[in-house]
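A.B. asks: Sharing a structure here in structure tokens format.
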Protein chains: 2
Amino acid sequence: MTTHHSDLRSMRSTARPTAGGERSDRVLQRDEHLFHEGSRLGQAYLVVAGVLKTYLLYENGEEQVLDFHLPGDVIGLDALTDEPSYCSAMALDTSSVRELELPDPEAALVSGGTDAALVLAGMHRAIRRLSRRLHMASTCTDQRLAGFLLEFAESQGRRGCSQRQLRLPMRRRDLACYLGLATETLSRTFTRLQQQGLIEVDNYDIVLLDQRGLQRVASASPCQTRHH
Amino acid sequence: MTTHHSDLRSMRSTARPTAGGERSDRVLQRDEHLFHEGSRLGQAYLVVAGVLKTYLLYENGEEQVLDFHLPGDVIGLDALTDEPSYCSAMALDTSSVRELELPDPEAALVSGGTDAALVLAGMHRAIRRLSRRLHMASTCTDQRLAGFLLEFAESQGRRGCSQRQLRLPMRRRDLACYLGLATETLSRTFTRLQQQGLIEVDNYDIVLLDQRGLQRVASASPCQTRHH
DNA sequence: CGGTGCGTTGAATACGCTCAATGCGGGTGG
DNA sequence: CCACCCGCATTGAGCGTATTCAACGCACCG
């Protein structure tokens, strides 16, 4: 989970020394990965020396750095959920990390369908979502709105409603604050998508005319903007 | 914690029905708050009808909407950590929510210094940090870099190092990806802050000359940009 | 009928991005 | 030891996009 700037003090108390003394540290060379997105961790890591970054890579090659990790930080709280890691970790310089034994309570807590596991999974999902939105925040407006509409449609689908016809439950101002835009810009973006024949806008009622087209817009690389 | 689009299915299993049958739903009018930032929750809420937003308000009056919550969503997983809620929740329209009893295991799990509580607190912090960065992502470059430098200085302080003289452990490209900028823009921003006498830049070595000035830049309102 | 809230549209500006060139240090090989 | 290259940071010019400020349209309501 990439706990940000956790201090040693708090983790020491949770780290359970391996029977028989200190576990040896693992050394990473510059540009070497500690783990990759999607891998199953099994344990967290304490950064002992050096510096690492956790990051996400997107389809179009863009990279979103999530955090930098300096000595004393802990990486990979992910490991506590039974989900695969949602990000990659790479050493920016020669570094050294120590594996942390996960304390027993979590081991029990994480596996199976315990209540706590559900909560952890929920927070895990929230972090993944926020990371994705952090990246979306530096894309062009069409991309952001298209992405939102698709996601909203999907959530409507999960509720058993139409995935094509949407009724937005929020005012423009709130949606603008959600997407990080000025309301005027949001408005213009709606009409632009409409002019491209991707959606039909009638105030709060939106029809997704071309779902595939929206997908394309939502995941376009930055420079594809200028062809029209 | 604002669990995003958790479905009913998974939460029903964790909700413990109050002894003696259904708890009555609480109805919120449009623009009415369910809870405010900083308040202690004690329980989570299931959205039954209507729509709510969770959001953060910043010093300068800007608002960052974190999420919209539709029927079936759960708000306030925050309640599981013993931290006060880090965001506010407001009804965007007449809405109805149901209080969820927290299952016993968490009650025990959350209180005191259990290991699990540490982990939850860590994830909680991560979510708060990401939310903040999400908002920073739509501010001007000076603000973003100033904010980063101050935060980095503080983290250095916690490690017992100088809070004035920094040695950045990452390349420009990584920092740019972290801040959501082009490396050229980041470079220009460094020199701009230097020209303003706020910092001194020598490759990876940065000196914070005017910490208060940086604070001011970091938390400026959007239109304060154009006075110089 | 005149307010008020909200969404849209228009014009001008500012800001960050792209592409290209330059600077600079640290390697490597002749 | 020097020449050259390579990676990386910086600087410059031009451009595109989002923002700001302003006006207008429209529905709702007193």
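Chain labels run A, B, ... following the order of the structure tokens; each chain numbers its residues from 1, and ligands are numbered from 1 in the order shown.
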Quick check: residues of chain C within 12 Å of chain A, only C-alpha atoms (C1' of nucleotides), returned as a ChimeraX atom specification.
C.D. replies: /C:5-10,16-18
A.B. asks: Would you pick out the contacts of stretch 57-65 of chain B at 7 Å or less, using only C-alpha atoms (C1' of nucleotides), so that residues sharing its chain but fewer than 3 positions from it are not included, and give the list as a ChimeraX atom specification?
C.D. replies: /A:174,177-178 /B:53-54,135,221
A.B. asks: Using only C-alpha atoms, which residues of chain B come within 7 Å of chain A, and what is the closest atom pair for each, with the distance in Å to one decimal? Give it as JSON lines, sorted by chain and residue number.
C.D. replies:
```
{"residue": "B:Thr3", "atom": "CA", "partner": "A:Gly122", "partner_atom": "CA", "distance": 5.8}
{"residue": "B:His4", "atom": "CA", "partner": "A:Ala126", "partner_atom": "CA", "distance": 6.1}
{"residue": "B:Thr14", "atom": "CA", "partner": "A:Asp115", "partner_atom": "CA", "distance": 5.9}
{"residue": "B:Val51", "atom": "CA", "partner": "A:Pro169", "partner_atom": "CA", "distance": 6.7}
{"residue": "B:Glu63", "atom": "CA", "partner": "A:Cys177", "partner_atom": "CA", "distance": 6.3}
{"residue": "B:Gln64", "atom": "CA", "partner": "A:Cys177", "partner_atom": "CA", "distance": 5.4}
{"residue": "B:Val65", "atom": "CA", "partner": "A:Tyr178", "partner_atom": "CA", "distance": 4.5}
{"residue": "B:Leu66", "atom": "CA", "partner": "A:Tyr178", "partner_atom": "CA", "distance": 6.3}
{"residue": "B:Leu92", "atom": "CA", "partner": "A:Met170", "partner_atom": "CA", "distance": 6.6}
{"residue": "B:Glu106", "atom": "CA", "partner": "A:Ala116", "partner_atom": "CA", "distance": 6.3}
{"residue": "B:Asp115", "atom": "CA", "partner": "A:Thr14", "partner_atom": "CA", "distance": 5.9}
{"residue": "B:Ala116", "atom": "CA", "partner": "A:Glu106", "partner_atom": "CA", "distance": 6.3}
{"residue": "B:Gly122", "atom": "CA", "partner": "A:Thr3", "partner_atom": "CA", "distance": 5.8}
{"residue": "B:Met123", "atom": "CA", "partner": "A:Thr3", "partner_atom": "CA", "distance": 6.6}
{"residue": "B:Ala126", "atom": "CA", "partner": "A:Thr3", "partner_atom": "CA", "distance": 6.1}
{"residue": "B:Ile127", "atom": "CA", "partner": "A:Ile127", "partner_atom": "CA", "distance": 6.0}
{"residue": "B:Leu130", "atom": "CA", "partner": "A:Leu130", "partner_atom": "CA", "distance": 6.4}
{"residue": "B:Leu134", "atom": "CA", "partner": "A:Leu134", "partner_atom": "CA", "distance": 5.2}
{"residue": "B:Ala137", "atom": "CA", "partner": "A:Ala137", "partner_atom": "CA", "distance": 6.3}
{"residue": "B:Ser138", "atom": "CA", "partner": "A:Gly180", "partner_atom": "CA", "distance": 5.9}
{"residue": "B:Pro169", "atom": "CA", "partner": "A:Val51", "partner_atom": "CA", "distance": 6.7}
{"residue": "B:Met170", "atom": "CA", "partner": "A:Leu92", "partner_atom": "CA", "distance": 6.6}
{"residue": "B:Asp174", "atom": "CA", "partner": "A:Val65", "partner_atom": "CA", "distance": 6.8}
{"residue": "B:Cys177", "atom": "CA", "partner": "A:Gln64", "partner_atom": "CA", "distance": 5.4}
{"residue": "B:Tyr178", "atom": "CA", "partner": "A:Val65", "partner_atom": "CA", "distance": 4.5}
{"residue": "B:Gly180", "atom": "CA", "partner": "A:Ser138", "partner_atom": "CA", "distance": 6.0}
```
A.B. asks: Residues of chain D within 12 Å of chain B, counting only C-alpha atoms (C1' of nucleotides), what are they? List them as a PyMOL selection string.
C.D. replies: chain D and resi 7-12+18-20
A.B. asks: Output as a PyMOL selection string all residues of stretch 15-173 of chain B that backbone DSSP marks as strand (DSSP E).
C.D. replies: chain B and resi 26-28+33-35+44-49+52-57+63-69+74-75+88-91+95-100+165-167
A.B. asks: Apply DSSP to the backbone of this structure and, from chain B, keep only the residues in helix (DSSP H, G or I); write these as a ChimeraX atom specification.
C.D. replies: /B:8-14,77-80,104-110,115-136,141-158,172-179,183-195,211-218,222-226
A.B. asks: What's the separation between atom CA of A:Asp31 and atom CA of B:Thr185, in Å to one decimal place?
C.D. replies: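 Atom CA of B:Thr185 lies 24.1 Å from atom CA of A:Asp31.
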A.B. asks: Find the residues near D:DC2: any atom within 12 Å, counting only C-alpha atoms (C1' of nucleotides), skip ones fewer than 2 places away on the same chain, and give them as an MDAnalysis selection string.
C.D. replies: (chainID C and resid 28:30) or (chainID D and resid 4)
